[in-house]
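The next block is coords39.txt, given as compact mmCIF, C-alpha atoms.
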```txt
# COMPACT_ATOMS: atom_id res chain seq x y z
CA MET A 1 146.98 145.53 112.20
CA ALA A 2 149.91 146.87 114.20
CA LEU A 3 147.44 147.86 116.89
CA GLN A 4 146.01 144.34 117.03
CA ARG A 5 149.51 142.85 117.17
CA GLY A 6 150.30 145.10 120.11
CA ALA A 7 146.98 144.13 121.63
CA VAL A 8 147.92 140.45 121.50
CA ASP A 9 150.97 141.24 123.61
CA ALA A 10 148.98 143.48 125.93
CA ALA A 11 146.30 140.83 126.41
CA GLY A 12 149.00 138.22 126.97
CA PHE A 13 150.62 140.42 129.60
CA ALA A 14 147.26 141.08 131.26
CA SER A 15 146.43 137.38 131.37
CA ASP A 16 149.88 136.71 132.86
CA ILE A 17 148.98 139.11 135.67
CA VAL A 18 145.58 137.53 136.24
CA LEU A 19 147.01 134.01 136.13
CA ALA A 20 150.08 134.71 138.28
CA PRO A 21 148.49 133.54 141.55
CA LEU A 22 147.23 130.34 139.93
CA ASP A 23 150.65 129.67 138.39
CA ALA A 24 152.35 130.25 141.72
CA TRP A 25 149.97 127.78 143.36
CA ASP A 26 150.68 125.22 140.65
CA ARG A 27 154.40 125.62 141.24
CA VAL A 28 154.03 125.20 145.00
CA ALA A 29 151.84 122.13 144.48
CA ALA A 30 154.37 120.68 142.02
CA SER A 31 157.26 121.11 144.45
CA PHE A 32 155.37 119.08 147.04
CA ARG A 33 154.60 116.12 144.80
CA SER A 34 155.37 112.83 146.40
CA ARG A 35 158.45 110.81 145.56
CA SER A 36 156.41 107.80 144.48
CA ALA A 37 154.33 109.88 142.06
CA LEU A 38 157.54 111.20 140.51
CA GLN A 39 158.96 107.68 140.26
CA ASP A 40 155.77 106.53 138.56
CA ASP A 41 156.12 109.41 136.13
CA VAL A 42 159.73 108.52 135.34
CA LEU A 43 158.80 104.90 134.76
CA ARG A 44 155.91 105.80 132.48
CA LEU A 45 158.02 108.28 130.52
CA GLN A 46 160.85 105.76 130.14
CA GLN A 47 158.43 103.23 128.71
CA GLU A 48 156.92 105.80 126.37
CA ASN A 49 160.40 106.85 125.33
CA ARG A 50 161.38 103.28 124.52
CA VAL A 51 158.30 102.79 122.37
CA LEU A 52 158.86 106.09 120.59
CA LYS A 53 162.54 105.33 120.01
CA GLY A 54 161.56 102.02 118.47
CA GLN A 55 159.13 103.78 116.16
CA ALA A 56 161.70 106.44 115.34
CA GLN A 57 164.17 103.78 114.20
CA ARG A 58 161.68 102.58 111.65
CA LEU A 59 160.93 106.18 110.71
CA ALA A 60 164.59 106.91 109.99
CA SER A 61 164.93 103.96 107.66
CA LEU A 62 161.62 104.78 105.97
CA LEU A 63 162.65 108.40 105.50
CA ALA A 64 165.94 107.30 103.94
CA GLU A 65 164.13 104.86 101.69
CA ASN A 66 161.61 107.52 100.75
CA ALA A 67 164.38 109.99 99.93
CA ARG A 68 166.06 107.39 97.69
CA TYR A 69 162.84 106.79 95.80
CA LYS A 70 162.31 110.54 95.48
CA THR A 71 165.79 110.94 93.98
CA LEU A 72 165.07 108.04 91.66
CA LEU A 73 161.91 109.84 90.59
CA ASN A 74 163.92 113.04 90.24
CA SER A 75 161.52 115.11 92.38
CA ALA A 76 162.31 117.71 94.99
CA ARG A 77 163.33 116.45 98.40
CA GLU A 78 160.72 117.11 101.07
CA ILE A 79 162.10 119.35 103.74
CA GLU A 80 161.58 118.33 107.34
CA ASP A 81 159.52 120.75 109.38
CA GLU A 82 161.10 122.77 112.16
CA LEU A 83 159.03 122.80 115.33
CA ILE A 84 158.70 125.49 118.01
CA ALA A 85 157.44 124.38 121.42
CA ALA A 86 154.88 126.72 122.95
CA GLN A 87 152.38 126.74 125.79
CA ILE A 88 148.72 127.69 125.79
CA THR A 89 148.37 130.46 128.36
CA SER A 90 144.69 131.29 128.08
CA LEU A 91 141.50 130.91 126.10
CA SER A 92 139.77 133.78 124.38
CA PRO A 93 137.00 135.09 126.67
CA ASP A 94 134.66 135.08 123.66
CA PRO A 95 132.52 131.93 124.09
CA ALA A 96 131.64 131.79 120.40
CA ARG A 97 135.25 131.40 119.33
CA HIS A 98 137.80 128.63 119.83
CA VAL A 99 140.87 130.81 120.04
CA VAL A 100 143.81 130.27 122.39
CA MET A 101 146.72 132.47 123.44
CA LEU A 102 150.25 131.05 123.08
CA ASP A 103 153.31 132.23 125.01
CA LYS A 104 155.56 132.57 121.96
CA GLY A 105 155.49 135.29 119.34
CA ALA A 106 157.31 136.80 116.39
CA ALA A 107 160.47 137.06 118.50
CA ASP A 108 160.55 133.24 118.60
CA GLY A 109 159.87 132.84 114.89
CA ILE A 110 156.10 132.56 114.95
CA GLU A 111 154.10 134.00 112.06
CA ALA A 112 150.43 134.10 111.18
CA GLY A 113 149.38 130.99 109.25
CA GLN A 114 151.73 128.48 110.85
CA PRO A 115 150.10 125.17 111.82
CA VAL A 116 149.81 124.25 115.52
CA LEU A 117 150.17 120.62 116.61
CA GLY A 118 148.93 118.96 119.77
CA ALA A 119 150.17 115.68 121.17
CA GLU A 120 148.18 113.55 118.74
CA GLY A 121 147.60 115.70 115.74
CA LEU A 122 146.88 119.07 114.24
CA ILE A 123 144.91 121.40 116.51
CA GLY A 124 144.88 124.74 114.70
CA GLN A 125 146.83 127.56 113.15
CA ILE A 126 148.31 130.88 114.23
CA SER A 127 145.88 133.68 113.44
CA LEU A 128 147.81 136.68 114.77
CA ALA A 129 151.38 136.88 116.04
CA GLY A 130 152.44 139.60 118.43
CA GLU A 131 156.04 140.08 119.47
CA TYR A 132 155.96 137.78 122.54
CA ASN A 133 152.49 136.22 122.38
CA SER A 134 150.31 134.94 119.62
CA ARG A 135 146.75 133.82 119.03
CA ALA A 136 145.89 130.50 117.46
CA VAL A 137 142.49 129.56 116.09
CA LEU A 138 141.55 125.91 116.69
CA ILE A 139 140.27 123.61 113.94
CA THR A 140 136.88 123.35 115.66
CA ASP A 141 136.23 127.10 115.49
CA SER A 142 133.15 127.62 113.38
CA ALA A 143 135.03 130.08 111.15
CA HIS A 144 137.78 127.55 110.37
CA ALA A 145 138.04 124.90 107.67
CA LEU A 146 140.99 122.89 106.41
CA PRO A 147 141.71 120.59 103.48
CA VAL A 148 142.00 116.95 104.57
CA GLN A 149 142.41 113.57 103.01
CA ILE A 150 141.06 110.21 104.13
CA ASN A 151 144.15 108.22 105.00
CA ARG A 152 142.70 104.89 103.86
CA SER A 153 141.39 105.88 100.46
CA GLY A 154 143.19 109.13 99.69
CA LEU A 155 139.89 110.93 99.10
CA ARG A 156 140.15 114.70 99.59
CA ALA A 157 137.62 116.81 101.47
CA ILE A 158 137.22 119.98 103.51
CA ALA A 159 136.78 119.57 107.28
CA GLU A 160 134.92 122.50 108.81
CA GLY A 161 134.87 123.44 112.45
CA SER A 162 131.46 123.03 114.05
CA GLY A 163 131.78 125.33 117.05
CA ALA A 164 131.69 122.26 119.34
CA ILE A 165 135.07 121.33 120.79
CA ASP A 166 134.87 117.63 119.86
CA ARG A 167 133.41 117.74 116.35
CA LEU A 168 134.46 118.56 112.81
CA VAL A 169 132.03 118.34 109.92
CA ILE A 170 132.54 117.35 106.30
CA ARG A 171 129.68 118.45 104.09
CA HIS A 172 129.34 117.99 100.35
CA LEU A 173 130.65 114.44 100.11
CA ALA A 174 128.60 112.45 97.63
CA ALA A 175 126.40 109.90 99.41
CA THR A 176 128.12 107.11 97.52
CA THR A 177 131.59 108.08 98.74
CA ASP A 178 133.74 105.41 100.34
CA ILE A 179 134.05 106.68 103.89
CA ARG A 180 133.58 104.72 107.08
CA VAL A 181 133.40 105.32 110.80
CA GLY A 182 136.94 105.09 112.18
CA ASP A 183 138.69 106.48 109.10
CA LEU A 184 141.63 108.73 109.89
CA LEU A 185 141.65 112.19 108.33
CA VAL A 186 145.09 113.68 107.64
CA THR A 187 146.03 117.07 106.23
CA SER A 188 146.16 116.88 102.45
CA GLY A 189 148.65 119.71 101.92
CA LEU A 190 146.37 121.34 99.36
CA GLY A 191 146.17 125.10 99.68
CA GLY A 192 149.76 125.20 100.85
CA ARG A 193 148.97 126.19 104.42
CA PHE A 194 149.22 122.89 106.27
CA PRO A 195 152.01 120.45 105.39
CA HIS A 196 150.86 117.09 104.11
CA GLY A 197 150.28 114.14 106.40
CA TYR A 198 149.51 115.38 109.92
CA PRO A 199 146.63 113.49 111.56
CA VAL A 200 143.59 115.70 112.14
CA ALA A 201 140.56 113.68 113.20
CA ARG A 202 138.83 110.32 113.17
CA VAL A 203 135.42 109.84 111.54
CA THR A 204 132.78 109.20 114.20
CA ASP A 205 129.57 109.31 112.21
CA VAL A 206 128.52 109.05 108.58
CA ASP A 207 124.98 110.29 108.09
CA ILE A 208 123.50 109.36 104.71
CA SER A 209 119.83 110.12 104.37
CA PRO A 210 118.28 108.63 101.22
CA GLY A 211 116.75 111.91 100.09
CA ASP A 212 119.94 113.94 100.16
CA ALA A 213 122.65 114.11 97.54
CA PHE A 214 125.37 114.61 100.13
CA ALA A 215 126.46 112.68 103.20
CA VAL A 216 127.16 114.60 106.40
CA VAL A 217 130.28 113.23 108.03
CA SER A 218 131.27 114.03 111.61
CA ALA A 219 134.77 113.54 112.95
CA ALA A 220 136.38 113.90 116.35
CA PRO A 221 139.75 115.71 116.51
CA SER A 222 142.66 113.35 117.26
CA SER A 223 144.05 115.67 119.91
CA ALA A 224 141.82 116.60 122.83
CA LEU A 225 141.62 120.32 122.10
CA ASP A 226 140.46 121.27 125.57
CA ARG A 227 143.19 119.33 127.40
CA GLY A 228 146.89 119.87 127.77
CA ARG A 229 148.89 123.07 127.53
CA HIS A 230 151.87 122.13 125.41
CA VAL A 231 151.71 122.57 121.66
CA LEU A 232 154.16 122.61 118.78
CA VAL A 233 154.13 125.29 116.10
CA VAL A 234 155.40 124.21 112.69
CA GLU A 235 157.80 126.74 111.24
CA ARG A 236 157.26 126.95 107.55
CA ALA A 237 160.02 125.17 105.65
CA PRO A 238 162.18 127.55 103.61
CA GLU A 239 160.98 127.76 100.05
CA LEU A 240 163.12 126.12 97.43
CA PRO A 241 164.53 128.52 94.86
CA THR A 242 162.65 128.13 91.62
CA ALA A 243 164.22 128.26 88.20
CA GLY A 244 162.96 131.77 87.48
CA SER A 245 163.98 133.46 90.72
CA PRO A 246 167.08 135.69 90.79
CA MET B 1 129.42 171.82 137.67
CA ASN B 2 132.02 170.88 140.27
CA ARG B 3 135.59 169.99 139.49
CA ALA B 4 136.26 166.31 139.11
CA HIS B 5 137.49 164.45 142.16
CA ALA B 6 139.14 161.02 142.29
CA ILE B 7 137.85 159.95 138.89
CA TRP B 8 140.77 157.55 138.65
CA VAL B 9 138.55 155.21 140.68
CA ILE B 10 136.23 154.97 137.68
CA TYR B 11 138.98 153.95 135.31
CA ALA B 12 140.65 151.64 137.83
CA SER B 13 137.39 149.78 138.42
CA LEU B 14 136.71 149.51 134.67
CA GLY B 15 140.28 148.23 134.15
CA CYS B 16 139.91 145.61 136.89
CA ALA B 17 136.58 144.54 135.43
CA LEU B 18 138.21 144.14 132.02
CA LEU B 19 141.02 142.06 133.56
CA LEU B 20 138.39 139.79 135.14
CA MET B 21 137.36 138.83 131.59
CA LEU B 22 140.66 136.95 131.41
CA LEU B 23 140.02 134.65 134.38
CA PRO B 24 140.27 131.09 133.09
CA LEU B 25 137.10 129.04 132.66
CA PRO B 26 136.64 125.64 131.02
CA MET B 27 136.15 125.94 127.28
CA ASP B 28 132.48 124.98 127.26
CA TRP B 29 131.57 127.12 130.26
CA ARG B 30 132.91 130.43 129.06
CA PHE B 31 129.42 131.62 128.16
CA ILE B 32 128.34 131.84 131.80
CA ARG B 33 131.10 134.36 132.58
CA PRO B 34 129.30 137.48 133.85
CA ASP B 35 130.02 140.58 131.83
CA ILE B 36 131.42 142.60 134.73
CA ALA B 37 133.02 145.27 132.54
CA THR B 38 129.71 146.18 130.88
CA LEU B 39 127.91 146.24 134.22
CA ALA B 40 130.60 148.45 135.77
CA LEU B 41 130.24 150.82 132.80
CA TYR B 42 126.45 150.94 133.29
CA TYR B 43 126.93 151.58 137.01
CA TRP B 44 129.18 154.56 136.40
CA VAL B 45 126.85 155.98 133.75
CA LEU B 46 124.01 155.67 136.21
CA ALA B 47 125.96 157.16 139.12
CA LEU B 48 127.96 159.89 137.35
CA PRO B 49 126.31 160.61 134.01
CA HIS B 50 128.29 163.87 133.70
CA ARG B 51 131.63 161.98 133.85
CA VAL B 52 130.97 158.69 132.09
CA GLY B 53 129.15 158.60 128.80
CA VAL B 54 129.22 157.48 125.23
CA ALA B 55 132.96 158.09 124.76
CA THR B 56 133.82 155.91 127.75
CA ALA B 57 131.42 153.26 126.43
CA PHE B 58 133.24 153.35 123.11
CA THR B 59 136.60 152.91 124.85
CA VAL B 60 135.37 150.02 126.99
CA GLY B 61 134.00 148.37 123.86
CA VAL B 62 137.32 148.70 122.05
CA MET B 63 139.17 147.29 125.07
CA GLN B 64 136.79 144.32 125.16
CA ASP B 65 137.45 143.65 121.48
CA LEU B 66 141.21 143.87 122.02
CA ILE B 67 141.06 141.42 124.91
CA GLU B 68 138.83 139.00 123.02
CA GLY B 69 140.85 139.32 119.83
CA ALA B 70 137.67 140.19 117.95
CA PRO B 71 137.64 142.68 115.05
CA LEU B 72 137.81 146.17 116.53
CA GLY B 73 134.49 147.94 116.93
CA LEU B 74 132.23 144.92 117.36
CA SER B 75 131.30 145.65 120.98
CA SER B 76 131.30 149.44 120.93
CA PRO B 77 128.06 150.27 119.05
CA GLY B 78 125.91 148.15 121.36
CA LEU B 79 127.51 149.58 124.47
CA MET B 80 127.15 153.13 123.14
CA LEU B 81 123.48 152.60 122.34
CA ALA B 82 122.75 151.15 125.78
CA THR B 83 124.72 153.98 127.41
CA LEU B 84 122.69 156.52 125.47
CA LEU B 85 119.47 154.94 126.73
CA LEU B 86 120.86 155.07 130.27
CA LEU B 87 121.81 158.73 129.85
CA PHE B 88 118.26 159.59 128.76
CA ASN B 89 116.67 157.64 131.63
CA TYR B 90 119.15 157.65 134.51
CA GLN B 91 116.95 159.71 136.81
CA ARG B 92 114.12 157.23 136.44
CA ILE B 93 116.32 154.12 136.76
CA ARG B 94 117.95 155.48 139.93
CA GLN B 95 114.51 155.42 141.58
CA PHE B 96 113.94 151.73 140.81
CA ASP B 97 114.39 149.18 143.57
CA LEU B 98 117.22 146.68 143.19
CA LEU B 99 115.15 143.97 141.51
CA GLN B 100 113.74 146.36 138.95
CA GLN B 101 117.21 147.75 138.35
CA SER B 102 118.53 144.22 137.77
CA LEU B 103 115.81 143.60 135.20
CA MET B 104 116.61 146.92 133.57
CA MET B 105 120.25 145.85 133.38
CA LEU B 106 119.19 142.58 131.74
CA VAL B 107 117.31 144.57 129.12
CA LEU B 108 120.35 146.79 128.48
CA LEU B 109 122.68 143.78 128.33
CA ILE B 110 120.38 142.07 125.83
CA LEU B 111 120.36 145.26 123.79
CA SER B 112 124.15 145.66 123.69
CA ALA B 113 124.80 141.94 123.17
CA GLY B 114 122.09 141.83 120.52
CA VAL B 115 123.66 144.65 118.53
CA GLU B 116 127.02 142.90 118.82
CA GLN B 117 125.63 139.57 117.56
CA TRP B 118 123.89 141.36 114.72
CA LEU B 119 127.19 142.95 113.67
CA ARG B 120 128.94 139.59 113.99
CA ASN B 121 126.44 137.99 111.65
CA GLY B 122 127.01 140.85 109.24
CA ILE B 123 130.76 140.28 108.97
CA ASP B 124 130.78 136.49 109.40
CA VAL B 125 132.40 136.31 112.80
CA PRO B 126 130.92 133.35 114.71
CA ALA B 127 128.08 134.56 116.90
CA ALA B 128 127.04 133.20 120.30
CA SER B 129 124.41 130.48 120.57
CA TRP B 130 121.20 130.87 122.57
CA GLY B 131 123.22 129.72 125.58
CA GLY B 132 124.61 133.24 125.54
CA LEU B 133 121.33 134.44 127.05
CA LEU B 134 122.17 132.37 130.13
CA GLY B 135 125.40 134.34 130.39
CA LEU B 136 123.41 137.60 130.32
CA PHE B 137 121.23 136.17 133.07
CA CYS B 138 124.35 135.45 135.16
CA SER B 139 125.47 139.01 134.54
CA MET B 140 122.11 140.26 135.78
CA LEU B 141 122.55 138.31 139.01
CA CYS B 142 125.86 140.12 139.52
CA TRP B 143 124.28 143.56 139.36
CA ILE B 144 123.32 143.79 143.04
CA PRO B 145 126.72 142.80 144.53
CA LEU B 146 128.62 144.80 141.90
CA ARG B 147 126.47 147.87 142.46
CA SER B 148 127.01 147.77 146.21
CA ALA B 149 130.78 147.27 145.79
CA LEU B 150 131.13 150.14 143.35
CA ARG B 151 128.82 152.33 145.43
CA HIS B 152 130.99 151.76 148.50
CA SER B 153 134.14 152.59 146.62
CA ARG B 154 132.50 155.68 145.09
CA ARG B 155 131.54 156.94 148.53
CA TYR B 156 134.80 155.94 150.17
CA TYR B 157 136.95 157.80 147.62
CA GLU B 158 134.36 160.56 147.15
CA VAL B 159 134.26 160.27 143.41
CA TYR B 160 132.23 162.98 141.71
```

Write the structure described by the file as structure tokens, please.
Amino acid sequence: MALQRGAVDAAGFASDIVLAPLDAWDRVAASFRSRSALQDDVLRLQQENRVLKGQAQRLASLLAENARYKTLLNSAREIEDELIAAQITSLSPDPARHVVMLDKGAADGIEAGQPVLGAEGLIGQISLAGEYNSRAVLITDSAHALPVQINRSGLRAIAEGSGAIDRLVIRHLAATTDIRVGDLLVTSGLGGRFPHGYPVARVTDVDISPGDAFAVVSAAPSSALDRGRHVLVVERAPELPTAGSP
Amino acid sequence: MNRAHAIWVIYASLGCALLLMLLPLPMDWRFIRPDIATLALYYWVLALPHRVGVATAFTVGVMQDLIEGAPLGLSSPGLMLATLLLLFNYQRIRQFDLLQQSLMMLVLLILSAGVEQWLRNGIDVPAASWGGLLGLFCSMLCWIPLRSALRHSRRYYEVY
């Protein structure tokens, strides 16, 4: 295990070396971007920011309201998740796996098992954390599965990776289940690994063949897993002391 | 047997070949990446069978696993088996013309990759699809340029 942790760092370092010329070129290209392109960017970001701020205002009031209800119900307050910003530096060379290398490691607070978020939803989880680099397995990896919930009906299911970058599969849903194309799947929080409520995927196809007991549901991940480099890693919220603990 | 000379070239070329595994490719096109490290290993076994053998094959396999983040020891057995076959037959394979050698390399690549996929199925690590064969084919096409490059460097640095 220690060897593999060291190997994550070594592989990260090696990929830094290999990618250095490309990075340098990117930097040169970025410094020669035109003024108008930058202005366009600023304008677009300002607009996005305004929209997000508006949504955040509602969020704050909803959170406060939610907390009040929770206190009324006498249940534990949900702790807000701490986020660590990281960048995807490379993909695993193994074509059968959907594994990416991140540029943050244990030194930045990353541990195996932490969820990884993209711009529009959950994209995976940390599988191995080295000191300065870590590996994350994506939700579409064919060895990955996560507990989800249909946002509209609250129905729980397991979304498995298919090995294709744009498809998750839900097997073993009864053919009579209420699920429709366009339904949003969010993390259900069962299993304790992923916090509740992060968007995961949208249902793209519900295949019910009359002879089969189960429907086969396909869903497309909300975040484009093969685009973008910036991700957020959710630091696990500190556990609340239980009554029995010293 | 002579004393070794400039064998660092062997390890430098294997190291460079392993680093080339890390060159970025789009997610869905990673399977066409030629397996330069394996081919470089086969070249050195063929050229200097008294220097490069099963132990080197084992090491290259472990390095591949470390770079891929796969469980350690997935790649080694296939590489060691193919290396063993090369060691038994290197005198014959050296006499082949380049096309025949390329085909021989394809056979060896299929053997080593096949053993790896078999092991992957055994321990439930996702295995490659049939598209992986296309990747082996790309690797085969790289044999002729890679062989000439390594041959030049072997002669230039007088590796023996």

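Nearest to Trp29 (chain B) of all the residues B:Leu84, B:Leu134, B:Leu108, B:Ala113 is B:Leu134, based on only C-alpha atoms.
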
Tell me, counting only C-alpha atoms, for each residue of chain B within 8 Å of chain A, which pair of atoms is nearest and how far apart they are in Å to one decimal, in rows ordered by chain and increasing number, as CSV.
```
residue,atom,partner,partner_atom,distance
B:Leu19,CA,A:Ala14,CA,6.7
B:Leu20,CA,A:Val18,CA,7.6
B:Met21,CA,A:Pro93,CA,6.2
B:Leu22,CA,A:Ser15,CA,5.8
B:Leu23,CA,A:Val18,CA,6.5
B:Pro24,CA,A:Ser90,CA,6.7
B:Pro26,CA,A:Asp226,CA,8.0
B:Met27,CA,A:Asp226,CA,6.6
B:Asp28,CA,A:Pro95,CA,7.6
B:Trp29,CA,A:Pro95,CA,7.9
B:Arg30,CA,A:Pro95,CA,5.2
B:Phe31,CA,A:Pro95,CA,5.1
B:Leu66,CA,A:Ala7,CA,5.8
B:Ile67,CA,A:Ala11,CA,5.5
B:Glu68,CA,A:Ser92,CA,5.5
B:Gly69,CA,A:Ser92,CA,7.2
B:Asp124,CA,A:Ala143,CA,7.9
B:Val125,CA,A:Ala143,CA,7.0
B:Pro126,CA,A:Ala96,CA,5.9
B:Ala127,CA,A:Ala96,CA,5.7
B:Ala128,CA,A:Ala96,CA,4.8
B:Ser129,CA,A:Ala96,CA,7.3
```

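In this structure, CA of Tyr43 (chain B) sits 25.9 Å away from CA of Trp130 (chain B).
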
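The gap separating CA of Leu74 (chain B) from CA of Arg147 (chain B) is 25.9 Å, in Å to one decimal.
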
Within 9 Å of Leu72 (chain B), counting all atoms listed in the file, which residues show up once you throw out same-chain ones fewer than 6 positions away? Write them as a list of chain:residue names, please.
->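 Residues meeting the cut-off are A:Gln4, B:Gly61, B:Val62, B:Met63, B:Gln64, B:Asp65, B:Leu66.
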
Could you pull out every residue with an atom within 6 Å of (143.8, 127.0, 116.7), file coordinates, counting all atoms listed in the file, and send them as a PyMOL selection string?
-> chain A and resi 99+123-125+136-139

Who sits within 6 Å of Ala129 (chain A), only C-alpha atoms, same chain under 5 positions skipped, as a PDB file with C-alpha atoms, in the coordinates of the input:
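Result saved to result_31.pdb:
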```pdb
ATOM      1  CA  GLY A 105     155.490 135.290 119.340  1.00  0.00           C
ATOM      2  CA  ALA A 106     157.310 136.800 116.390  1.00  0.00           C
ATOM      3  CA  GLU A 111     154.100 134.000 112.060  1.00  0.00           C
ATOM      4  CA  ALA A 112     150.430 134.100 111.180  1.00  0.00           C
ATOM      5  CA  SER A 134     150.310 134.940 119.620  1.00  0.00           C
TER       6      SER A 134
END
```

Among listed residues A:Asp23, A:Glu235, A:Asp207, A:Glu48, nearest Leu117 (chain A) (using all atoms listed in the file) =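 Looking only at the distances to Leu117 (chain A), the closest residue turns out to be A:Glu235.
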
Rounded to one decimal in Å, what is the spacing between CA of Gly211 (chain A) and CA of Ala157 (chain A)?
->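 So the two atoms, CA of Gly211 (chain A) and CA of Ala157 (chain A), lie 21.5 Å apart.
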
Closest to Val115 (chain B) among B:Ser75, B:Asn89, B:Ser13, B:Thr56, using all atoms listed in the file?
->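 Result for the nearest residue to Val115 (chain B): B:Ser75.
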
B:Gln117, B:Thr83, B:Gln101, B:Ser153: which is nearest Leu141 (chain B), counting all atoms listed in the file?
->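 Checking each candidate against Leu141 (chain B), we get B:Gln101 as the closest.
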
Kindly extract all protein, DNA and RNA residues lying within 10 Å of the coordinates (133.8, 159.3, 133.1) given in the file, considering all atoms listed in the file, and supply them as a PyMOL selection string.
-> chain B and resi 4+7-11+41+44-45+48-57+160

Close residues, Glu120 (chain A) itself excluded, 8 Å, only C-alpha atoms, min 6 positions apart in chain, as a PyMOL selection string | chain A and resi 199+222-223

Could you write out the selected residues, including C-alpha atoms, as a PDB file, in the coordinates of the input?
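Written output follows (again-v2.pdb):
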```pdb
ATOM      1  CA  PRO A 199     146.630 113.490 111.560  1.00  0.00           C
ATOM      2  CA  SER A 222     142.660 113.350 117.260  1.00  0.00           C
ATOM      3  CA  SER A 223     144.050 115.670 119.910  1.00  0.00           C
TER       4      SER A 223
END
```

Can you give me N, CA and C atoms for region 88-105 of chain B, written as a short mmCIF file (atom, residue, chain, number, x, y, z; two decimals), keeping the file's coordinate frame?
```
data_model
loop_
_atom_site.label_atom_id
_atom_site.label_comp_id
_atom_site.auth_asym_id
_atom_site.auth_seq_id
_atom_site.Cartn_x
_atom_site.Cartn_y
_atom_site.Cartn_z
N PHE B 88 119.58 158.96 128.88
CA PHE B 88 118.26 159.59 128.76
C PHE B 88 117.38 159.28 129.96
N ASN B 89 117.62 158.12 130.60
CA ASN B 89 116.67 157.64 131.63
C ASN B 89 117.28 157.47 133.01
N TYR B 90 118.49 158.01 133.25
CA TYR B 90 119.15 157.65 134.51
C TYR B 90 118.37 158.10 135.73
N GLN B 91 117.67 159.25 135.61
CA GLN B 91 116.95 159.71 136.81
C GLN B 91 115.84 158.74 137.19
N ARG B 92 115.18 158.19 136.16
CA ARG B 92 114.12 157.23 136.44
C ARG B 92 114.70 155.93 137.00
N ILE B 93 115.78 155.43 136.37
CA ILE B 93 116.32 154.12 136.76
C ILE B 93 116.90 154.18 138.17
N ARG B 94 117.43 155.35 138.56
CA ARG B 94 117.95 155.48 139.93
C ARG B 94 116.86 155.25 140.97
N GLN B 95 115.60 155.56 140.61
CA GLN B 95 114.51 155.42 141.58
C GLN B 95 114.03 153.98 141.71
N PHE B 96 114.39 153.12 140.76
CA PHE B 96 113.94 151.73 140.81
C PHE B 96 114.49 151.03 142.04
N ASP B 97 113.77 150.01 142.53
CA ASP B 97 114.39 149.18 143.57
C ASP B 97 115.36 148.20 142.89
N LEU B 98 116.10 147.45 143.73
CA LEU B 98 117.22 146.68 143.19
C LEU B 98 116.78 145.63 142.16
N LEU B 99 115.62 145.00 142.43
CA LEU B 99 115.15 143.97 141.51
C LEU B 99 114.82 144.58 140.15
N GLN B 100 114.10 145.70 140.21
CA GLN B 100 113.74 146.36 138.95
C GLN B 100 114.99 146.82 138.20
N GLN B 101 115.96 147.32 138.98
CA GLN B 101 117.21 147.75 138.35
C GLN B 101 117.90 146.57 137.67
N SER B 102 117.90 145.41 138.36
CA SER B 102 118.53 144.22 137.77
C SER B 102 117.87 143.88 136.44
N LEU B 103 116.52 143.92 136.43
CA LEU B 103 115.81 143.60 135.20
C LEU B 103 116.14 144.61 134.11
N MET B 104 116.24 145.87 134.52
CA MET B 104 116.61 146.92 133.57
C MET B 104 117.99 146.63 132.96
N MET B 105 118.90 146.18 133.86
CA MET B 105 120.25 145.85 133.38
C MET B 105 120.20 144.69 132.39
#
```
